[in-house]
Amino acid sequence: AEALAADLLRRFDEAAYQPPTPAQALEASGTALEPEQAHDVVLHLIDRGDLVDIGDDIVFHRARYDAAKQLFRDAVKRGGPVAAGAFKD
């Protein structure tokens with residue numbers, strides 16, 4: 001489970017702002033754990049705060065989520081409302 005947790009954290013960090021779904025990350029990891037056990041590892045990482053679940057099967061690495069929030073705050077401070085397309089860049 002520890003190796004899977006480390007692998008998942010690496011995958012979500014490397015994916016940055018285009019993360020896989022948890023199921024995709026688990027499949028890519030090639031874990032030998034049973035699906036329910038593997039999913040529990042994801043839930044543990046979310047509960048621990050290492051991953052952030054924003055809903056609709058979208059999960060970010062905590063560092064990427066925090067960085068995105070800061071980028072958004074900075075953009076709003078600079079010029080007010082931010083269009084989704086501008087934030088995407």
# chains A, B, ... in the order shown; residues from 1 in each chain; ligands from 1
call {"tool": "select_by_dssp", "arguments": {"residues": "chain A", "states": "strand (DSSP E)", "output": "PDB file with N, CA and C atoms, in the first residue's frame"}}
result
ATOM      1  N   LEU A  51      -4.060  14.435  -1.390  1.00  0.00           N
ATOM      2  CA  LEU A  51      -4.829  14.630  -2.613  1.00  0.00           C
ATOM      3  C   LEU A  51      -6.088  15.400  -2.244  1.00  0.00           C
ATOM      4  N   VAL A  52      -6.602  16.181  -3.212  1.00  0.00           N
ATOM      5  CA  VAL A  52      -7.813  16.981  -2.990  1.00  0.00           C
ATOM      6  C   VAL A  52      -8.861  16.555  -4.000  1.00  0.00           C
ATOM      7  N   ASP A  53      -9.993  16.083  -3.496  1.00  0.00           N
ATOM      8  CA  ASP A  53     -11.113  15.661  -4.336  1.00  0.00           C
ATOM      9  C   ASP A  53     -12.050  16.851  -4.491  1.00  0.00           C
ATOM     10  N   ILE A  54     -12.168  17.373  -5.723  1.00  0.00           N
ATOM     11  CA  ILE A  54     -13.036  18.527  -5.938  1.00  0.00           C
ATOM     12  C   ILE A  54     -14.381  18.118  -6.540  1.00  0.00           C
ATOM     13  N   GLY A  55     -14.613  16.823  -6.648  1.00  0.00           N
ATOM     14  CA  GLY A  55     -15.895  16.336  -7.161  1.00  0.00           C
ATOM     15  C   GLY A  55     -15.802  15.919  -8.608  1.00  0.00           C
ATOM     16  N   ILE A  58     -12.672  14.283 -10.071  1.00  0.00           N
ATOM     17  CA  ILE A  58     -11.481  15.106 -10.310  1.00  0.00           C
ATOM     18  C   ILE A  58     -10.718  15.228  -9.000  1.00  0.00           C
ATOM     19  N   VAL A  59      -9.474  14.777  -9.031  1.00  0.00           N
ATOM     20  CA  VAL A  59      -8.620  14.775  -7.843  1.00  0.00           C
ATOM     21  C   VAL A  59      -7.280  15.401  -8.218  1.00  0.00           C
ATOM     22  N   PHE A  60      -6.822  16.328  -7.390  1.00  0.00           N
ATOM     23  CA  PHE A  60      -5.543  16.994  -7.617  1.00  0.00           C
ATOM     24  C   PHE A  60      -4.564  16.664  -6.499  1.00  0.00           C
ATOM     25  N   HIS A  61      -3.296  16.698  -6.831  1.00  0.00           N
ATOM     26  CA  HIS A  61      -2.242  16.655  -5.822  1.00  0.00           C
ATOM     27  C   HIS A  61      -2.370  17.943  -5.012  1.00  0.00           C
TER      28      HIS A  61
END
call {"tool": "closest_atom_pairs", "arguments": {"of": "segment 29-48 of chain A", "to": "segment 8-14 of chain A", "cutoff": "10 Å", "atoms": "only C-alpha atoms", "output": "CSV"}}
result
residue,atom,partner,partner_atom,distance
A:Ser29,CA,A:Leu8,CA,7.3
A:Val41,CA,A:Leu8,CA,9.0
A:Val42,CA,A:Leu8,CA,7.9
A:Leu45,CA,A:Leu9,CA,8.3
call {"tool": "write_last_selection", "arguments": {"atoms": "N, CA, C and O atoms", "output": "PDB file, in the first residue's frame"}}
result
ATOM      1  N   SER A  29      -1.064   2.377 -12.445  1.00  0.00           N
ATOM      2  CA  SER A  29      -0.079   1.966 -11.443  1.00  0.00           C
ATOM      3  C   SER A  29       0.230   0.477 -11.528  1.00  0.00           C
ATOM      4  O   SER A  29       1.280   0.028 -11.077  1.00  0.00           O
ATOM      5  N   VAL A  41      -6.649   3.176  -0.676  1.00  0.00           N
ATOM      6  CA  VAL A  41      -5.403   3.953  -0.640  1.00  0.00           C
ATOM      7  C   VAL A  41      -5.671   5.369  -1.141  1.00  0.00           C
ATOM      8  O   VAL A  41      -5.212   6.354  -0.547  1.00  0.00           O
ATOM      9  N   VAL A  42      -6.439   5.490  -2.219  1.00  0.00           N
ATOM     10  CA  VAL A  42      -6.805   6.819  -2.734  1.00  0.00           C
ATOM     11  C   VAL A  42      -7.576   7.593  -1.667  1.00  0.00           C
ATOM     12  O   VAL A  42      -7.274   8.766  -1.399  1.00  0.00           O
ATOM     13  N   LEU A  45      -5.305   8.882   1.004  1.00  0.00           N
ATOM     14  CA  LEU A  45      -4.523  10.045   0.576  1.00  0.00           C
ATOM     15  C   LEU A  45      -5.381  11.312   0.575  1.00  0.00           C
ATOM     16  O   LEU A  45      -4.896  12.399   0.888  1.00  0.00           O
TER      17      LEU A  45
END
call {"tool": "residues_around", "arguments": {"residues": "Asp57 of chain A", "least_positions_apart": "4", "cutoff": "12 Å", "atoms": "only C-alpha atoms", "output": "JSON list (two decimals) with N, CA and C atoms, in the first residue's frame"}}
result
[["chain", "number", "residue", "atom", "x", "y", "z"],
["A", 19, "PRO", "N", -5.22, 16.02, -14.28],
["A", 19, "PRO", "CA", -5.03, 14.75, -13.56],
["A", 19, "PRO", "C", -5.88, 13.62, -14.12],
["A", 20, "PRO", "N", -5.42, 12.41, -13.95],
["A", 20, "PRO", "CA", -6.24, 11.26, -14.30],
["A", 20, "PRO", "C", -7.36, 11.13, -13.27],
["A", 21, "THR", "N", -8.36, 10.34, -13.61],
["A", 21, "THR", "CA", -9.34, 10.00, -12.58],
["A", 21, "THR", "C", -8.64, 9.04, -11.62],
["A", 22, "PRO", "N", -9.16, 8.88, -10.44],
["A", 22, "PRO", "CA", -8.55, 7.90, -9.54],
["A", 22, "PRO", "C", -8.48, 6.50, -10.17],
["A", 23, "ALA", "N", -9.53, 6.11, -10.88],
["A", 23, "ALA", "CA", -9.53, 4.79, -11.52],
["A", 23, "ALA", "C", -8.42, 4.69, -12.57],
["A", 24, "GLN", "N", -8.21, 5.74, -13.34],
["A", 24, "GLN", "CA", -7.15, 5.73, -14.35],
["A", 24, "GLN", "C", -5.77, 5.65, -13.69],
["A", 25, "ALA", "N", -5.59, 6.40, -12.61],
["A", 25, "ALA", "CA", -4.31, 6.37, -11.92],
["A", 25, "ALA", "C", -4.03, 5.00, -11.33],
["A", 42, "VAL", "N", -6.44, 5.49, -2.22],
["A", 42, "VAL", "CA", -6.80, 6.82, -2.73],
["A", 42, "VAL", "C", -7.58, 7.59, -1.67],
["A", 52, "VAL", "N", -6.60, 16.18, -3.21],
["A", 52, "VAL", "CA", -7.81, 16.98, -2.99],
["A", 52, "VAL", "C", -8.86, 16.56, -4.00],
["A", 53, "ASP", "N", -9.99, 16.08, -3.50],
["A", 53, "ASP", "CA", -11.11, 15.66, -4.34],
["A", 53, "ASP", "C", -12.05, 16.85, -4.49]]
call {"tool": "closest_residue", "arguments": {"among": "A:Glu34, A:Val76, A:Asp40, A:Tyr17", "to": "Ala5 of chain A", "atoms": "only C-alpha atoms"}}
result
A:Asp40
call {"tool": "closest_residue", "arguments": {"among": "A:Leu71, A:Arg62, A:Ala28, A:Arg78", "to": "Arg48 of chain A", "atoms": "only C-alpha atoms"}}
result
A:Arg62
call {"tool": "select_by_dssp", "arguments": {"residues": "chain A", "states": "helix (DSSP H, G or I)", "output": "PyMOL selection string"}}
result
chain A and resi 2-15+22-29+35-48+62-79+84-88
